[in-house]
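work-v2.txt follows; it contains compact mmCIF, C-alpha atoms.
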```txt
# COMPACT_ATOMS: atom_id res chain seq x y z
CA MET A 1 25.20 -32.43 2.74
CA ARG A 2 26.33 -30.89 -0.50
CA GLN A 3 26.30 -27.09 -0.48
CA ILE A 4 24.35 -25.63 -3.38
CA GLN A 5 26.30 -22.85 -5.09
CA PRO A 6 24.46 -19.52 -5.30
CA LEU A 7 23.16 -18.88 -8.78
CA VAL A 8 23.62 -15.13 -8.70
CA ASP A 9 26.99 -13.45 -8.28
CA THR A 10 27.02 -11.16 -5.26
CA LYS A 11 28.97 -8.44 -7.12
CA VAL A 12 26.77 -5.50 -8.03
CA VAL A 13 27.66 -3.90 -11.36
CA GLY A 14 27.16 -0.14 -11.36
CA PRO A 15 25.67 1.87 -14.24
CA ALA A 16 29.09 3.24 -15.28
CA GLU A 17 30.57 -0.26 -15.47
CA SER A 18 27.54 -1.48 -17.44
CA ALA A 19 27.86 1.44 -19.87
CA LEU A 20 31.55 0.61 -20.36
CA ALA A 21 30.81 -3.08 -20.85
CA LEU A 22 28.11 -2.27 -23.41
CA ARG A 23 30.56 0.08 -25.18
CA LEU A 24 28.10 2.91 -24.79
CA ILE A 25 31.00 5.12 -23.68
CA THR A 26 34.77 4.89 -23.51
CA GLU A 27 36.92 5.32 -20.39
CA MET A 28 38.07 8.75 -21.60
CA GLU A 29 34.47 9.85 -22.16
CA LEU A 30 33.64 8.61 -18.67
CA LEU A 31 36.41 10.78 -17.20
CA LYS A 32 35.15 13.74 -19.21
CA LEU A 33 31.66 13.10 -17.80
CA LYS A 34 33.11 12.95 -14.29
CA ALA A 35 34.51 16.47 -14.70
CA ILE A 36 31.16 17.69 -16.12
CA ALA A 37 29.23 16.04 -13.27
CA LYS A 38 31.49 17.75 -10.70
CA LEU A 39 30.84 21.07 -12.40
CA HIS A 40 27.07 20.59 -12.22
CA ALA A 41 27.07 19.21 -8.67
CA ARG A 42 28.42 22.54 -7.36
CA GLY A 43 25.83 24.17 -5.12
CA LEU A 44 23.77 21.02 -4.71
CA PRO A 45 23.15 19.84 -1.13
CA PRO A 46 25.79 17.46 0.29
CA ASP A 47 23.44 14.47 0.05
CA VAL A 48 23.38 14.80 -3.75
CA GLY A 49 26.87 14.05 -5.02
CA TRP A 50 28.37 14.34 -8.50
CA ASP A 51 28.47 10.55 -8.70
CA ASP A 52 24.71 10.41 -8.01
CA LEU A 53 24.08 12.81 -10.91
CA LEU A 54 26.26 10.85 -13.32
CA GLN A 55 25.11 7.36 -12.31
CA GLU A 56 21.45 8.47 -12.51
CA ALA A 57 22.00 9.92 -16.00
CA LEU A 58 23.67 6.68 -17.13
CA THR A 59 20.88 4.60 -15.56
CA ARG A 60 18.22 6.55 -17.47
CA VAL A 61 20.00 5.78 -20.74
CA LEU A 62 20.62 2.12 -19.83
CA ILE A 63 17.00 1.41 -18.88
CA GLY A 64 15.76 3.23 -21.97
CA ALA A 65 14.05 6.11 -20.16
CA ARG A 66 16.16 8.47 -22.28
CA LEU A 67 17.12 7.44 -25.78
CA PRO A 68 20.22 9.08 -27.27
CA PRO A 69 19.56 10.56 -30.73
CA GLU A 70 21.84 9.28 -33.47
CA ASN A 71 23.42 12.60 -34.40
CA VAL A 72 24.15 13.78 -30.83
CA PRO A 73 27.44 12.69 -29.19
CA ILE A 74 26.82 10.57 -26.10
CA VAL A 75 28.84 12.87 -23.80
CA MET A 76 26.77 15.88 -24.85
CA PHE A 77 23.56 13.89 -24.38
CA LEU A 78 24.51 12.66 -20.90
CA ALA A 79 25.62 16.17 -19.91
CA GLY A 80 22.15 17.39 -20.92
CA ILE A 81 20.50 14.73 -18.74
CA MET A 82 22.65 15.79 -15.76
CA ARG A 83 21.63 19.42 -16.34
CA SER A 84 17.96 18.46 -16.38
CA LEU A 85 18.40 16.32 -13.24
CA LYS A 86 19.85 19.35 -11.50
CA SER A 87 16.95 21.60 -12.53
CA GLU A 88 14.53 18.82 -11.55
CA HIS A 89 16.11 18.83 -8.09
CA TRP A 90 15.73 22.60 -7.67
CA ARG A 91 12.13 22.46 -8.92
CA ARG A 92 11.35 19.79 -6.34
CA VAL A 93 12.97 21.89 -3.60
CA ALA A 94 10.94 24.96 -4.65
CA ASN A 95 7.69 22.98 -4.66
CA ARG A 96 8.45 21.50 -1.25
CA SER A 97 9.12 24.91 0.27
CA ALA A 98 5.99 26.47 -1.27
CA ARG A 99 3.12 26.76 1.20
CA LEU A 100 0.54 24.07 0.71
CA PRO A 101 -3.02 25.34 0.09
CA THR A 102 -5.22 25.06 3.15
CA LEU A 103 -8.96 24.59 3.12
CA ARG A 104 -10.96 26.18 5.89
CA LEU A 105 -13.78 24.08 7.30
CA ASP A 106 -16.41 26.79 6.74
CA GLN A 107 -15.39 27.05 3.06
CA ALA A 108 -15.45 23.35 2.33
CA SER A 109 -17.10 23.74 -1.06
CA ALA A 110 -15.70 23.63 -4.58
CA GLU A 111 -15.73 27.46 -4.76
CA GLY A 112 -13.69 27.68 -1.60
CA TRP A 113 -10.51 26.46 -3.28
CA ASP A 114 -7.87 29.06 -4.07
CA LEU A 115 -5.27 28.30 -6.65
CA GLU A 116 -1.83 29.21 -5.35
CA LEU A 117 0.73 29.91 -8.04
CA CYS A 118 4.44 29.56 -7.33
CA ASP A 119 6.64 32.57 -8.10
CA PRO A 120 9.03 31.47 -10.89
CA ALA A 121 11.60 34.13 -9.86
CA PRO A 122 14.68 32.75 -8.07
CA THR A 123 14.41 32.79 -4.30
CA PRO A 124 16.94 34.82 -2.24
CA GLU A 125 18.46 31.50 -1.17
CA ARG A 126 19.01 30.42 -4.79
CA SER A 127 20.43 33.84 -5.71
CA LEU A 128 22.89 33.69 -2.84
CA SER A 129 23.86 30.15 -3.74
CA ALA A 130 24.39 31.19 -7.40
CA ARG A 131 26.56 34.12 -6.29
CA GLN A 132 28.68 31.78 -4.14
CA GLU A 133 29.02 29.28 -6.99
CA LEU A 134 30.13 32.03 -9.38
CA ALA A 135 32.68 33.23 -6.83
CA ALA A 136 33.99 29.66 -6.43
CA ILE A 137 34.37 29.29 -10.20
CA LYS A 138 36.23 32.62 -10.42
CA GLN A 139 38.45 31.48 -7.54
CA LEU A 140 39.55 28.53 -9.69
CA PHE A 141 41.10 30.98 -12.16
CA ALA A 142 42.12 33.67 -9.66
CA ASP A 143 45.66 33.95 -11.08
CA ASP A 144 44.59 34.23 -14.72
CA ILE A 145 43.25 37.69 -15.59
CA VAL A 146 42.44 36.81 -19.22
CA VAL A 147 40.36 33.79 -18.16
CA LEU A 148 38.53 35.92 -15.58
CA LYS A 149 37.68 38.41 -18.34
CA ILE A 150 36.38 35.60 -20.53
CA ILE A 151 34.21 34.28 -17.67
CA ALA A 152 32.82 37.77 -17.03
CA GLY A 153 31.98 38.02 -20.73
CA LEU A 154 30.32 34.61 -20.76
CA ALA A 155 28.21 35.60 -17.74
CA ASP A 156 27.07 38.70 -19.67
CA ASP A 157 26.05 36.48 -22.61
CA LEU A 158 28.72 37.87 -24.94
CA SER A 159 30.02 35.92 -27.92
CA ALA A 160 33.71 35.08 -28.31
CA GLU A 161 34.10 37.93 -30.80
CA GLN A 162 32.43 40.40 -28.44
CA ILE A 163 34.59 39.30 -25.48
CA ARG A 164 37.75 39.80 -27.58
CA CYS A 165 36.56 43.27 -28.67
CA VAL A 166 35.39 44.48 -25.24
CA HIS A 167 38.53 43.35 -23.36
CA GLY A 168 41.02 43.83 -26.18
CA ILE A 169 42.17 40.21 -26.27
CA SER A 170 43.90 38.90 -29.39
CA ARG A 171 42.67 35.69 -31.02
CA THR A 172 45.84 33.82 -30.00
CA ASP A 173 45.59 34.98 -26.38
CA TYR A 174 41.91 34.06 -26.32
CA ASP A 175 42.55 30.55 -27.65
CA SER A 176 45.43 29.88 -25.26
CA ALA A 177 43.34 31.20 -22.32
CA ARG A 178 40.58 28.77 -23.28
CA LYS A 179 43.13 25.93 -23.31
CA ARG A 180 44.32 26.93 -19.81
CA MET A 181 40.69 27.11 -18.68
CA ARG A 182 40.02 23.59 -20.00
CA ARG A 183 43.14 22.20 -18.31
CA ALA A 184 42.17 23.78 -14.96
CA LEU A 185 38.63 22.42 -15.24
CA LEU A 186 39.89 18.93 -16.04
CA ARG A 187 42.37 19.04 -13.16
CA GLU A 188 39.59 20.14 -10.80
CA GLY A 189 37.19 17.55 -12.19
CA LEU A 190 39.56 14.62 -11.96
CA THR A 191 40.91 15.38 -8.49
CA CYS A 192 39.85 13.00 -5.75
CA GLU A 193 37.65 14.46 -3.02
CA LYS A 194 39.34 15.75 0.09
CA LYS A 195 37.57 14.01 2.94
CA MET B 1 14.93 60.54 -26.89
CA ARG B 2 17.25 58.50 -24.72
CA LYS B 3 20.89 58.64 -25.69
CA LYS B 4 22.17 55.92 -23.39
CA VAL B 5 21.13 52.34 -23.23
CA THR B 6 21.25 51.04 -19.71
CA ARG B 7 21.54 47.32 -19.21
CA THR B 8 19.03 45.73 -16.92
CA SER B 9 20.63 43.78 -14.11
CA VAL B 10 20.80 40.06 -14.78
CA SER B 11 20.11 37.66 -11.94
CA PRO B 12 23.14 35.76 -10.57
CA GLU B 13 21.29 32.54 -11.36
CA ALA B 14 21.07 33.42 -15.07
CA LYS B 15 24.76 34.39 -15.08
CA LEU B 16 25.71 31.12 -13.42
CA THR B 17 23.66 29.10 -15.91
CA ARG B 18 25.45 30.77 -18.84
CA VAL B 19 28.90 30.25 -17.30
CA LEU B 20 28.17 26.60 -16.48
CA GLU B 21 26.89 25.95 -20.01
CA ALA B 22 30.03 27.49 -21.50
CA LEU B 23 32.36 25.58 -19.18
CA GLU B 24 30.45 22.36 -19.89
CA GLN B 25 31.01 22.92 -23.61
CA GLU B 26 34.73 23.44 -22.95
CA LEU B 27 34.87 20.06 -21.20
CA ILE B 28 32.89 18.36 -23.98
CA ASP B 29 35.42 19.73 -26.49
CA ALA B 30 38.41 18.46 -24.45
CA SER B 31 40.52 15.93 -26.32
CA ASP B 32 41.70 12.57 -24.94
CA GLU B 33 45.25 13.94 -24.88
CA GLU B 34 44.17 16.84 -22.67
CA ILE B 35 42.41 14.43 -20.27
CA LEU B 36 45.50 12.21 -20.13
CA ALA B 37 47.74 15.24 -19.53
CA ALA B 38 45.51 16.48 -16.67
CA ALA B 39 45.48 12.99 -15.12
CA MET B 40 49.25 12.66 -15.38
CA GLU B 41 49.65 16.11 -13.83
CA LEU B 42 47.66 14.82 -10.85
CA GLY B 43 49.91 11.75 -10.69
CA MET B 44 47.20 9.33 -11.84
CA ASN B 45 47.29 6.91 -14.74
CA PRO B 46 43.95 5.93 -16.29
CA LYS B 47 45.57 2.84 -17.86
CA MET B 48 46.41 1.47 -14.40
CA LYS B 49 43.99 -1.07 -12.92
CA GLY B 50 42.11 0.42 -9.93
CA SER B 51 43.22 3.96 -10.74
CA ALA B 52 41.82 6.58 -8.35
CA LEU B 53 40.55 8.45 -11.42
CA PHE B 54 37.66 5.99 -11.60
CA ALA B 55 36.55 6.47 -7.99
CA GLY B 56 32.82 7.10 -8.09
CA LEU B 57 32.62 5.55 -11.55
CA LYS B 58 33.81 1.95 -11.44
CA TYR B 59 33.82 1.80 -7.65
CA PRO B 60 32.28 4.03 -4.93
CA ALA B 61 33.82 7.45 -4.33
CA ARG B 62 33.13 7.29 -0.61
CA PRO B 63 34.26 4.46 1.66
CA GLN B 64 31.53 1.89 2.20
CA LEU B 65 30.61 0.14 5.43
CA ALA B 66 31.56 -3.17 3.80
CA ASP B 67 35.13 -1.87 3.40
CA PHE B 68 35.58 -2.01 7.17
CA PHE B 69 33.13 -4.63 8.44
CA ASP B 70 32.21 -8.11 7.31
CA LEU B 71 28.51 -7.50 6.74
CA ASP B 72 27.95 -11.14 5.79
CA VAL B 73 28.45 -12.15 9.45
CA GLY B 74 24.98 -10.86 10.39
CA ILE B 75 23.39 -12.51 7.37
CA LYS B 76 25.09 -15.83 8.12
CA ALA B 77 23.95 -15.68 11.76
CA GLN B 78 20.31 -15.30 10.71
CA PRO B 79 18.47 -18.58 10.09
CA THR B 80 17.42 -19.21 6.50
CA PRO B 81 13.62 -19.13 5.88
CA ALA B 82 13.58 -22.92 5.43
CA ALA B 83 15.41 -23.49 8.72
CA ALA B 84 13.10 -21.06 10.52
CA ILE B 85 9.99 -22.95 9.28
CA GLN B 86 11.55 -26.24 10.27
CA GLN B 87 12.31 -24.92 13.78
CA ARG B 88 8.66 -23.90 14.21
CA THR B 89 7.11 -27.07 12.82
CA VAL B 90 9.24 -29.62 14.65
CA PRO B 91 7.47 -30.43 17.92
CA LYS B 92 9.48 -29.80 21.04
CA SER B 93 10.60 -32.97 22.79
CA PRO B 94 8.86 -33.48 26.13
CA LYS B 95 11.09 -32.90 29.15
```
Show how you would write the structure in this file as structure tokens.
Amino acid sequence: MRQIQPLVDTKVVGPAESALALRLITEMELLKLKAIAKLHARGLPPDVGWDDLLQEALTRVLIGARLPPENVPIVMFLAGIMRSLKSEHWRRVANRSARLPTLRLDQASAEGWDLELCDPAPTPERSLSARQELAAIKQLFADDIVVLKIIAGLADDLSAEQIRCVHGISRTDYDSARKRMRRALLREGLTCEKK
Amino acid sequence: MRKKVTRTSVSPEAKLTRVLEALEQELIDASDEEILAAAMELGMNPKMKGSALFAGLKYPARPQLADFFDLDVGIKAQPTPAAAIQQRTVPKSPK
């Protein structure tokens, strides 16, 4: 009996491949996004990887759930989606850990309901995690004092001008430190995982 | 009148958000040449087919079960729905 050939190819095309095929992004932009995704995936639980963040962001654009505005570069737009996915994750975790309202049997009337509001302040767990993430980022630039000063300034919400003034860094030194910072971030972002 | 302005302590979460936003912007501003240079420094060439740089992008970052086992074996061993219906409907021959 003649074997009927399967109509559908068994190869599954991922969102990144689809985005490349549709020329939504270039290979270089994809690598840039990989480094950004790794930066945002820091501190997330091990079951949520950087690749999950990036592929989900790409999927949302591909299926039309998020439409990129014309005047915003695609990398910036996708980075924004990854940021919102991360906050969405933490919001979900906070809601899950919040105590669910209970209704006592003797108060089973409409007046018996109490509205429980969640505290928007970061939990001790989140604060500790943020501290550890900051320490890990500083560890990346442990040998570079100028970069560490810049990071401290950025954490204090200082502008580039203010950072240069406070720490006495010349414009040239500041610009070359930023270049070193970018190179280190790219190296870290493009490195394969140690498993 | 107070002569000193004391800064209120900022939560580590707010500090981290600011640092991440700034570092993200640095990466967005990175040029193609800088990406290529970083890749070359790591001994990887993005122009090469199957480059490890695209792990997690074009192919999975983590090894998959299918990389080690032929998962089709189980599927092939299972009867197709049509064959299963046929098996049930065909009367068993009397012994």
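Between CA of Ala135 (chain A) and CA of Leu36 (chain B) the separation is 28.0 Å.
What separates CA of Asp32 (chain B) from CA of Leu67 (chain A) is a distance of 25.1 Å.
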- [ ] Output the contact residues of chain B with respect to chain A at a cut-off of 12 Å, based on only C-alpha atoms, as a count of residues only.
- [x] 56
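The two atoms in question, CA of Thr172 (chain A) and CA of Ala160 (chain A), are spaced 12.3 Å apart.
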Put a box with edges along x, y and z around all the listed atoms of region 30-43 of chain A, pad it by 8 Å on each side, then give me its centre and sizes in Å, one decimal, as lines of an AutoDock Vina configuration file.
```
center_x = 31.1
center_y = 16.4
center_z = -12.2
size_x = 26.6
size_y = 31.6
size_z = 30.1
```
TODO: Between A:Trp90, A:Pro68, A:Arg180, A:Leu24, single out the one closest to Glu125 (chain A), counting all atoms listed in the file.
DONE: A:Trp90
Task: Residue among A:Ile74, A:Ala65, A:Leu58, A:Ala41 lying closest to Ser87 (chain A), counting all atoms listed in the file - done: A:Ala41
